[in-house]
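The file structure18.csv comes next; it holds CSV, C-alpha atoms and all ligand atoms.
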chain,number,residue,atom,x,y,z
A,1,MET,CA,93.5,148.8,154.3
A,2,THR,CA,93.3,152.6,154.4
A,3,ASP,CA,95.9,154.9,153.1
A,4,THR,CA,97.0,155.9,156.6
A,5,GLU,CA,97.7,152.2,157.2
A,6,TYR,CA,99.8,151.9,154.1
A,7,ASP,CA,103.3,151.6,155.5
A,8,GLY,CA,105.4,151.6,152.3
A,9,GLY,CA,107.4,148.6,153.5
A,10,SER,CA,109.4,146.8,150.8
A,11,LYS,CA,107.5,143.5,151.1
A,12,ARG,CA,104.3,145.3,150.2
A,13,TRP,CA,105.9,147.3,147.4
A,14,ALA,CA,107.4,144.2,145.9
A,15,ASN,CA,103.9,143.2,145.0
A,16,ILE,CA,101.2,145.7,145.7
A,17,ASP,CA,98.6,144.2,143.4
A,18,GLY,CA,95.4,143.8,145.3
A,19,GLN,CA,96.2,146.8,147.6
A,20,SER,CA,96.7,149.3,144.8
A,21,GLN,CA,93.9,151.7,146.0
A,22,ALA,CA,95.8,152.4,149.2
A,23,ALA,CA,99.1,152.5,147.4
A,24,ALA,CA,97.7,155.0,144.9
A,25,ARG,CA,96.5,157.3,147.6
A,26,TYR,CA,99.9,157.1,149.3
A,27,LEU,CA,101.7,157.9,146.0
A,28,GLU,CA,99.5,160.9,145.3
A,29,MET,CA,100.1,162.2,148.8
A,30,MET,CA,103.9,161.7,148.4
A,31,ASN,CA,103.8,163.5,145.1
A,32,ARG,CA,102.7,166.6,146.9
A,33,VAL,CA,105.2,166.2,149.8
A,34,LEU,CA,108.1,165.8,147.4
A,35,GLU,CA,107.1,168.3,144.8
A,36,GLU,CA,110.3,170.4,145.0
A,37,GLN,CA,112.6,167.4,145.0
A,38,LYS,CA,110.8,165.9,142.0
A,39,ARG,CA,111.0,169.2,140.1
A,40,GLN,CA,114.8,169.4,140.8
A,41,THR,CA,115.4,165.8,139.6
A,42,MET,CA,113.4,166.4,136.4
A,43,GLU,CA,115.4,169.6,135.7
A,44,TRP,CA,118.6,167.5,136.0
A,45,LEU,CA,117.4,165.2,133.1
A,46,ASN,CA,117.9,168.1,130.6
A,47,LEU,CA,114.6,167.2,128.9
A,48,ALA,CA,114.1,168.6,125.4
A,49,PRO,CA,111.5,168.0,122.7
A,50,GLY,CA,112.2,164.7,120.8
A,51,MET,CA,113.9,162.9,123.7
A,52,SER,CA,112.9,159.5,124.9
A,53,VAL,CA,112.9,159.1,128.7
A,54,LEU,CA,112.5,156.0,130.9
A,55,GLU,CA,110.9,156.2,134.3
A,56,VAL,CA,111.7,153.1,136.3
A,57,GLY,CA,109.2,152.0,138.9
A,58,CYS,CA,106.7,154.7,137.7
A,59,GLY,CA,103.8,153.8,140.0
A,60,LEU,CA,100.8,155.8,138.9
A,61,GLY,CA,102.8,157.5,136.2
A,62,LEU,CA,102.5,160.9,137.9
A,63,ASP,CA,106.2,161.8,137.2
A,64,ALA,CA,106.1,160.3,133.7
A,65,GLU,CA,103.1,162.5,133.0
A,66,ALA,CA,104.8,165.6,134.3
A,67,MET,CA,107.8,165.0,132.0
A,68,ALA,CA,105.8,164.2,128.8
A,69,PRO,CA,105.0,167.8,127.7
A,70,GLN,CA,108.7,168.6,127.8
A,71,VAL,CA,109.6,165.9,125.2
A,72,ALA,CA,106.4,166.2,123.1
A,73,PRO,CA,105.5,166.0,120.3
A,74,ALA,CA,108.2,163.8,118.8
A,75,GLY,CA,109.7,162.3,122.1
A,76,ARG,CA,108.2,159.9,124.5
A,77,VAL,CA,108.2,158.9,128.2
A,78,VAL,CA,108.1,155.2,129.0
A,79,GLY,CA,107.1,154.2,132.5
A,80,ILE,CA,107.7,150.7,133.7
A,81,ASP,CA,106.6,149.2,137.0
A,82,ALA,CA,106.4,145.7,138.6
A,83,SER,CA,102.7,146.2,139.5
A,84,HIS,CA,100.1,145.3,136.9
A,85,ASP,CA,97.5,147.3,138.9
A,86,LEU,CA,99.5,150.5,139.0
A,87,ILE,CA,100.4,150.2,135.3
A,88,GLY,CA,96.7,149.8,134.6
A,89,LYS,CA,95.9,152.9,136.7
A,90,ALA,CA,98.7,154.9,135.0
A,91,ARG,CA,97.2,154.0,131.6
A,92,GLU,CA,93.6,154.8,132.7
A,93,ARG,CA,94.6,158.1,134.3
A,94,THR,CA,96.5,159.4,131.2
A,95,ALA,CA,94.4,158.0,128.4
A,96,GLY,CA,93.1,160.6,126.0
A,97,ARG,CA,95.4,163.4,127.2
A,98,GLY,CA,97.3,163.5,124.0
A,99,LEU,CA,100.7,163.0,125.8
A,100,PRO,CA,103.5,160.8,124.4
A,101,LEU,CA,103.3,158.3,127.2
A,102,GLU,CA,103.8,154.5,127.2
A,103,PHE,CA,103.4,152.2,130.2
A,104,ALA,CA,104.5,148.6,130.6
A,105,VAL,CA,104.9,146.0,133.4
A,106,GLY,CA,108.5,145.3,133.9
A,107,ASP,CA,111.2,144.5,136.4
A,108,ALA,CA,113.8,147.2,137.3
A,109,HIS,CA,116.5,144.4,137.6
A,110,ALA,CA,116.1,143.3,133.9
A,111,LEU,CA,114.8,146.2,131.8
A,112,GLY,CA,113.1,144.9,128.6
A,113,PHE,CA,114.8,147.3,126.2
A,114,PRO,CA,117.8,147.1,124.0
A,115,ASP,CA,121.0,148.9,124.9
A,116,ASN,CA,121.0,152.7,124.3
A,117,SER,CA,117.2,153.0,123.8
A,118,PHE,CA,116.7,156.2,125.8
A,119,GLY,CA,118.2,159.7,126.1
A,120,ALA,CA,117.7,159.7,129.9
A,121,ALA,CA,116.3,157.7,132.8
A,122,ARG,CA,114.9,158.5,136.2
A,123,ILE,CA,114.1,156.4,139.3
A,124,ASP,CA,112.3,157.7,142.4
A,125,ARG,CA,111.9,155.8,145.7
A,126,VAL,CA,112.2,152.4,144.1
A,127,LEU,CA,115.8,151.3,144.8
A,128,GLN,CA,114.9,151.2,148.5
A,129,HIS,CA,112.6,148.3,147.8
A,130,LEU,CA,114.7,146.2,145.3
A,131,ARG,CA,116.6,143.0,145.9
A,132,ASP,CA,119.6,144.4,144.0
A,133,PRO,CA,119.6,148.2,143.6
A,134,GLU,CA,123.1,148.1,142.0
A,135,GLN,CA,121.8,145.9,139.3
A,136,ALA,CA,118.8,148.2,138.6
A,137,VAL,CA,121.2,151.2,138.1
A,138,ARG,CA,123.5,149.2,135.9
A,139,GLU,CA,120.4,148.4,133.8
A,140,MET,CA,119.5,152.1,133.6
A,141,ALA,CA,123.1,152.8,132.4
A,142,ARG,CA,122.8,150.1,129.8
A,143,VAL,CA,119.6,151.4,128.2
A,144,VAL,CA,120.6,155.1,128.3
A,145,ARG,CA,122.7,156.3,125.4
A,146,PRO,CA,126.2,157.8,126.0
A,147,GLY,CA,125.9,161.4,127.2
A,148,GLY,CA,122.4,160.8,128.6
A,149,ARG,CA,121.7,161.3,132.3
A,150,ILE,CA,120.5,159.0,135.0
A,151,VAL,CA,118.7,160.6,138.0
A,152,VAL,CA,117.9,159.0,141.3
A,153,LEU,CA,115.8,160.2,144.2
A,154,GLU,CA,115.9,158.0,147.3
A,155,PRO,CA,115.2,158.4,151.0
A,156,ASP,CA,117.6,157.6,153.9
A,157,TRP,CA,115.3,156.3,156.6
A,158,GLU,CA,118.0,156.2,159.3
A,159,SER,CA,117.9,160.0,159.1
A,160,VAL,CA,114.5,160.3,160.7
A,161,CYS,CA,114.6,162.5,163.7
A,162,LEU,CA,111.9,163.1,166.3
A,163,GLY,CA,112.0,165.9,168.9
A,164,GLY,CA,110.8,165.7,172.5
A,165,VAL,CA,110.6,161.9,172.9
A,166,ASP,CA,112.7,159.1,174.5
A,167,ARG,CA,115.6,158.7,172.2
A,168,GLU,CA,116.2,155.0,172.7
A,169,ILE,CA,112.7,154.2,171.6
A,170,ALA,CA,113.0,156.7,168.7
A,171,ARG,CA,116.2,154.8,167.7
A,172,ALA,CA,114.3,151.5,167.8
A,173,VAL,CA,111.5,152.9,165.7
A,174,VAL,CA,113.9,154.2,163.1
A,175,ARG,CA,115.9,150.9,163.1
A,176,TYR,CA,112.8,148.9,162.5
A,177,LYS,CA,111.7,151.1,159.6
A,178,SER,CA,115.2,151.3,158.1
A,179,ASP,CA,116.5,147.7,158.7
A,180,VAL,CA,113.4,145.5,158.9
A,181,SER,CA,110.6,147.2,157.0
A,182,LEU,CA,112.7,148.2,154.0
A,183,ALA,CA,115.0,146.1,151.8
A,184,HIS,CA,117.5,149.0,151.6
A,185,GLY,CA,116.3,151.7,154.1
A,186,MET,CA,119.7,153.5,153.9
A,187,ILE,CA,120.0,153.6,150.1
A,188,GLY,CA,120.0,157.4,150.0
A,189,ARG,CA,123.6,157.6,151.3
A,190,GLU,CA,124.6,154.9,148.8
A,191,VAL,CA,123.3,156.4,145.5
A,192,ARG,CA,126.4,158.4,144.6
A,193,ARG,CA,128.5,155.3,145.0
A,194,VAL,CA,126.0,153.2,143.1
A,195,LEU,CA,125.9,155.6,140.1
A,196,VAL,CA,129.7,155.7,140.0
A,197,GLU,CA,130.0,151.9,140.2
A,198,ALA,CA,127.5,151.6,137.3
A,199,GLY,CA,130.0,153.6,135.3
A,200,CYS,CA,128.4,157.1,135.4
A,201,VAL,CA,130.6,160.1,135.3
A,202,ASP,CA,130.1,163.7,136.5
A,203,VAL,CA,128.1,162.3,139.4
A,204,LEU,CA,126.5,164.9,141.7
A,205,ALA,CA,124.6,164.0,144.9
A,206,GLU,CA,122.7,166.4,147.1
A,207,HIS,CA,121.2,165.8,150.5
A,208,GLY,CA,117.7,167.3,151.2
A,209,SER,CA,115.2,167.1,154.0
A,210,VAL,CA,111.4,167.1,154.5
A,211,THR,CA,110.1,168.5,157.8
A,212,PHE,CA,106.9,167.7,159.6
A,213,ALA,CA,105.2,170.0,162.2
A,214,ASP,CA,102.2,167.7,162.6
A,215,LEU,CA,102.0,164.1,163.6
A,216,ALA,CA,99.2,163.2,161.1
A,217,LEU,CA,101.3,164.0,158.0
A,218,ALA,CA,104.5,162.5,159.6
A,219,GLU,CA,102.5,159.4,160.3
A,220,ARG,CA,101.1,159.2,156.8
A,221,VAL,CA,104.6,159.5,155.3
A,222,MET,CA,106.7,157.5,157.8
A,223,SER,CA,104.2,155.1,159.5
A,224,LEU,CA,105.8,155.6,162.9
A,225,ARG,CA,103.1,153.6,164.7
A,226,ARG,CA,103.7,150.5,162.6
A,227,SER,CA,107.4,150.7,163.2
A,228,LEU,CA,106.8,151.2,166.9
A,229,ASP,CA,104.7,148.1,166.9
A,230,GLY,CA,107.4,146.3,165.0
A,231,ALA,CA,109.9,147.3,167.6
A,232,VAL,CA,107.6,145.9,170.3
A,233,SER,CA,107.2,142.6,168.4
A,234,GLY,CA,110.9,142.4,168.0
A,235,GLY,CA,111.3,142.7,171.8
A,236,TRP,CA,113.3,145.9,171.5
A,237,VAL,CA,110.7,148.0,173.3
A,238,ALA,CA,108.3,147.0,176.1
A,239,PRO,CA,104.6,147.4,175.2
A,240,ALA,CA,103.9,149.9,178.1
A,241,ALA,CA,106.9,152.0,177.2
A,242,ALA,CA,105.8,152.1,173.6
A,243,ASP,CA,102.3,153.3,174.5
A,244,ALA,CA,103.7,156.0,176.7
A,245,TRP,CA,106.0,157.1,173.9
A,246,TRP,CA,103.2,157.3,171.5
A,247,HIS,CA,101.0,159.3,173.9
A,248,ARG,CA,103.9,161.7,174.3
A,249,LEU,CA,104.1,162.2,170.5
A,250,GLU,CA,100.3,162.9,170.6
A,251,GLU,CA,100.7,165.3,173.4
A,252,LEU,CA,103.5,167.1,171.6
A,253,ASP,CA,101.3,167.4,168.6
A,254,ARG,CA,98.2,168.6,170.5
A,255,THR,CA,100.3,171.4,172.1
A,256,GLY,CA,102.0,172.5,168.9
A,257,ARG,CA,105.5,171.2,169.8
A,258,PHE,CA,105.8,168.2,167.5
A,259,PHE,CA,108.8,168.2,165.2
A,260,SER,CA,110.1,165.5,162.9
A,261,ALA,CA,112.3,165.5,159.8
A,262,MET,CA,114.0,163.0,157.4
A,263,CYS,CA,116.5,163.3,154.6
A,264,GLY,CA,116.8,161.9,151.2
A,265,VAL,CA,119.4,162.1,148.4
A,266,MET,CA,119.0,163.4,144.8
A,267,ALA,CA,121.7,162.3,142.5
A,268,VAL,CA,122.5,162.7,138.8
A,269,GLY,CA,125.2,161.0,136.6
A,270,THR,CA,126.0,160.9,132.9
A,271,VAL,CA,126.5,157.8,130.9
A,272,PRO,CA,130.0,157.7,129.4
A,273,PRO,CA,130.9,156.5,125.9
A,274,LYS,CA,130.5,152.7,125.7
A,275,ARG,CA,132.8,150.2,124.2
B,301,LIG,C1,107.4,154.1,146.6
B,301,LIG,S1,106.7,153.6,145.1
B,301,LIG,C2,107.3,154.9,144.0
B,301,LIG,C3,106.5,155.1,142.8
B,301,LIG,C4,106.9,156.3,141.9
B,301,LIG,N1,108.3,156.2,141.5
B,301,LIG,C5,106.6,157.6,142.5
B,301,LIG,O1,107.5,158.4,142.8
B,301,LIG,O2,105.4,157.9,142.7
B,301,LIG,C6,107.7,152.2,144.6
B,301,LIG,C7,107.4,151.6,143.2
B,301,LIG,O3,108.3,150.7,142.9
B,301,LIG,C8,107.6,149.6,142.2
B,301,LIG,N2,108.5,148.4,142.2
B,301,LIG,C9,108.8,147.6,143.3
B,301,LIG,N3,109.6,146.6,142.9
B,301,LIG,C10,109.9,146.8,141.5
B,301,LIG,C11,110.7,146.2,140.5
B,301,LIG,N4,111.4,145.1,140.8
B,301,LIG,N5,110.7,146.6,139.3
B,301,LIG,C12,109.9,147.7,138.9
B,301,LIG,N6,109.2,148.4,139.8
B,301,LIG,C13,109.1,148.0,141.1
B,301,LIG,C14,106.3,149.5,143.0
B,301,LIG,O4,105.3,148.8,142.3
B,301,LIG,C15,106.0,151.0,143.2
B,301,LIG,O5,105.2,151.5,142.1

What's the structure tokens form of this structure?
Ligand SMILES: C[S@@+](CC[C@H](N)C(=O)[O-])C[C@H]1O[C@@H](n2cnc3c(N)ncnc32)[C@H](O)[C@@H]1O
Amino acid sequence: MTDTEYDGGSKRWANIDGQSQAAARYLEMMNRVLEEQKRQTMEWLNLAPGMSVLEVGCGLGLDAEAMAPQVAPAGRVVGIDASHDLIGKARERTAGRGLPLEFAVGDAHALGFPDNSFGAARIDRVLQHLRDPEQAVREMARVVRPGGRIVVLEPDWESVCLGGVDREIARAVVRYKSDVSLAHGMIGREVRRVLVEAGCVDVLAEHGSVTFADLALAERVMSLRRSLDGAVSGGWVAPAAADAWWHRLEELDRTGRFFSAMCGVMAVGTVPPKR
């Protein structure tokens, strides 16, 4: 599988071991695409030297690595992920850099840490893939000390818009991506509620967008072709209409008229005193 074929669907992300090269290239690319959103969410964590921070679903550990200098030398950033391969890559990538980083295989639904182990926790594009996102955020609230912050960054795939193409087919493509390919494709709009229901206070949620003026990048990020093929397999779109729709996207791209965008939500909440 190549990175452009990596579709980011939840079944794959639930266990990407064995495909981790393609997954790693996808994560590196997304790290550049979401640079600004990631910076904002890290700022919300109020990092300071000496803090211990948990990154849930850390993937390659790129965000954990970015945060580590801010808590060094006495603090630490711990990254957990379900993938043995990605945790191995995170360890290899960061070995010998002198950063206070630890990586472990773990499940976001049942964090292997005692209550109140961390000063803050962050999760980035993981809830969309989980069986039970509410449980994962409750776990984050359990392991973060009162007064500590929990930060979430998640997409909302139903927000994907595409200009200049047949809208019914575009809706079918978005529906496939959001409702079939992903376990919780619309989690972005739910994260404020989920943080409040996990007991967090002072919850702030902001909506932001990423725009694409070329098909190649849009395709790498959103795997439109795979969702179009899924819509055909589901009987929602006729094969000939799907091909014509795709050719139209290519033509828009060739002539500098391609436009697409999608939204995500960044949210922060504070863990209140616990009984
Ligand atoms: C889209 S990637 C995001 C990775 C990373 N947060 C980033 O921003 O680069 C989703 C990650 O969630 C991990 N994941 C999926 N299910 C998980 C689970 N139950 N517990 C922990 N991590 C999980 C995957 O292995 C993958 O690394």

Quiz item: Once you count all atoms listed in the file, which residues end up within 9 Å of ligand LIG 301 (chain B), and could you hand them over as an MDAnalysis selection string?
Solution: chainID A and resid 8:17 20 23:24 26:28 30:31 34 38 55:63 80:87 105:111 122:132 136 153

Practice problem: Counting only C-alpha atoms, note down every residue that has an atom within 6 Å of the point (127.0, 162.0, 140.2) (file coordinates), as a list in words. | Solution: Arg192, Asp202, Val203, Leu204, Ala205, Ala267, Val268 and Gly269 of chain A

Quiz prompt | Top pick for closest residue to A:Ala141, considering A:Val194, A:Met42, A:Ile187, A:Cys200 and counting all atoms listed in the file | solution =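 The closest residue to A:Ala141 is A:Cys200.
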
Exercise. Using only C-alpha atoms, pick whichever of A:Gly199, A:Gly208, A:Gly163, A:Gly235 has the shortest atom-to-atom distance to A:Gly256.
Key: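 Of A:Gly199, A:Gly208, A:Gly163, A:Gly235, the one nearest A:Gly256 is A:Gly163, counting only C-alpha atoms.
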
Would you kindly return, as an mmCIF file with C-alpha atoms, in the frame of the given file, each protein, DNA or RNA residue with an atom no farther than 7 Å from any atom of A:Arg76, considering only C-alpha atoms and excluding same-chain residues fewer than 6 positions away?
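Saved result, result25.cif, follows:
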data_model
loop_
_atom_site.group_PDB
_atom_site.id
_atom_site.type_symbol
_atom_site.label_atom_id
_atom_site.label_comp_id
_atom_site.auth_asym_id
_atom_site.auth_seq_id
_atom_site.Cartn_x
_atom_site.Cartn_y
_atom_site.Cartn_z
ATOM 1 C CA MET A 51 113.900 162.900 123.700
ATOM 2 C CA SER A 52 112.900 159.500 124.900
ATOM 3 C CA VAL A 53 112.900 159.100 128.700
ATOM 4 C CA ALA A 68 105.800 164.200 128.800
ATOM 5 C CA PRO A 100 103.500 160.800 124.400
ATOM 6 C CA LEU A 101 103.300 158.300 127.200
#

Quiz item: Taking into account all atoms listed in the file, which residue in the set A:Ala172, A:Ala213, A:Pro133, A:Val271 is nearest to A:Asp229?
Solution: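 Smallest separation from A:Asp229 among the options: A:Ala172.
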
Quiz prompt | Residue nearest A:Ala72 among A:Val265, A:Lys89, A:Leu47, A:Gly164 (counting all atoms listed in the file) | solution =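 That would be A:Leu47, the residue with the smallest distance to A:Ala72.
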
Practice problem: Between A:His207, A:Arg138, A:Lys274, A:Arg225, single out the one closest to A:Val173, counting only C-alpha atoms. | Solution: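 Ranked by minimum distance to A:Val173, first place goes to A:Arg225.
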
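Proximity to A:Met266 was assessed for A:Leu217, A:Val33, A:Val152, A:Ala104 counting all atoms listed in the file; the smallest distance is recorded for A:Val152.
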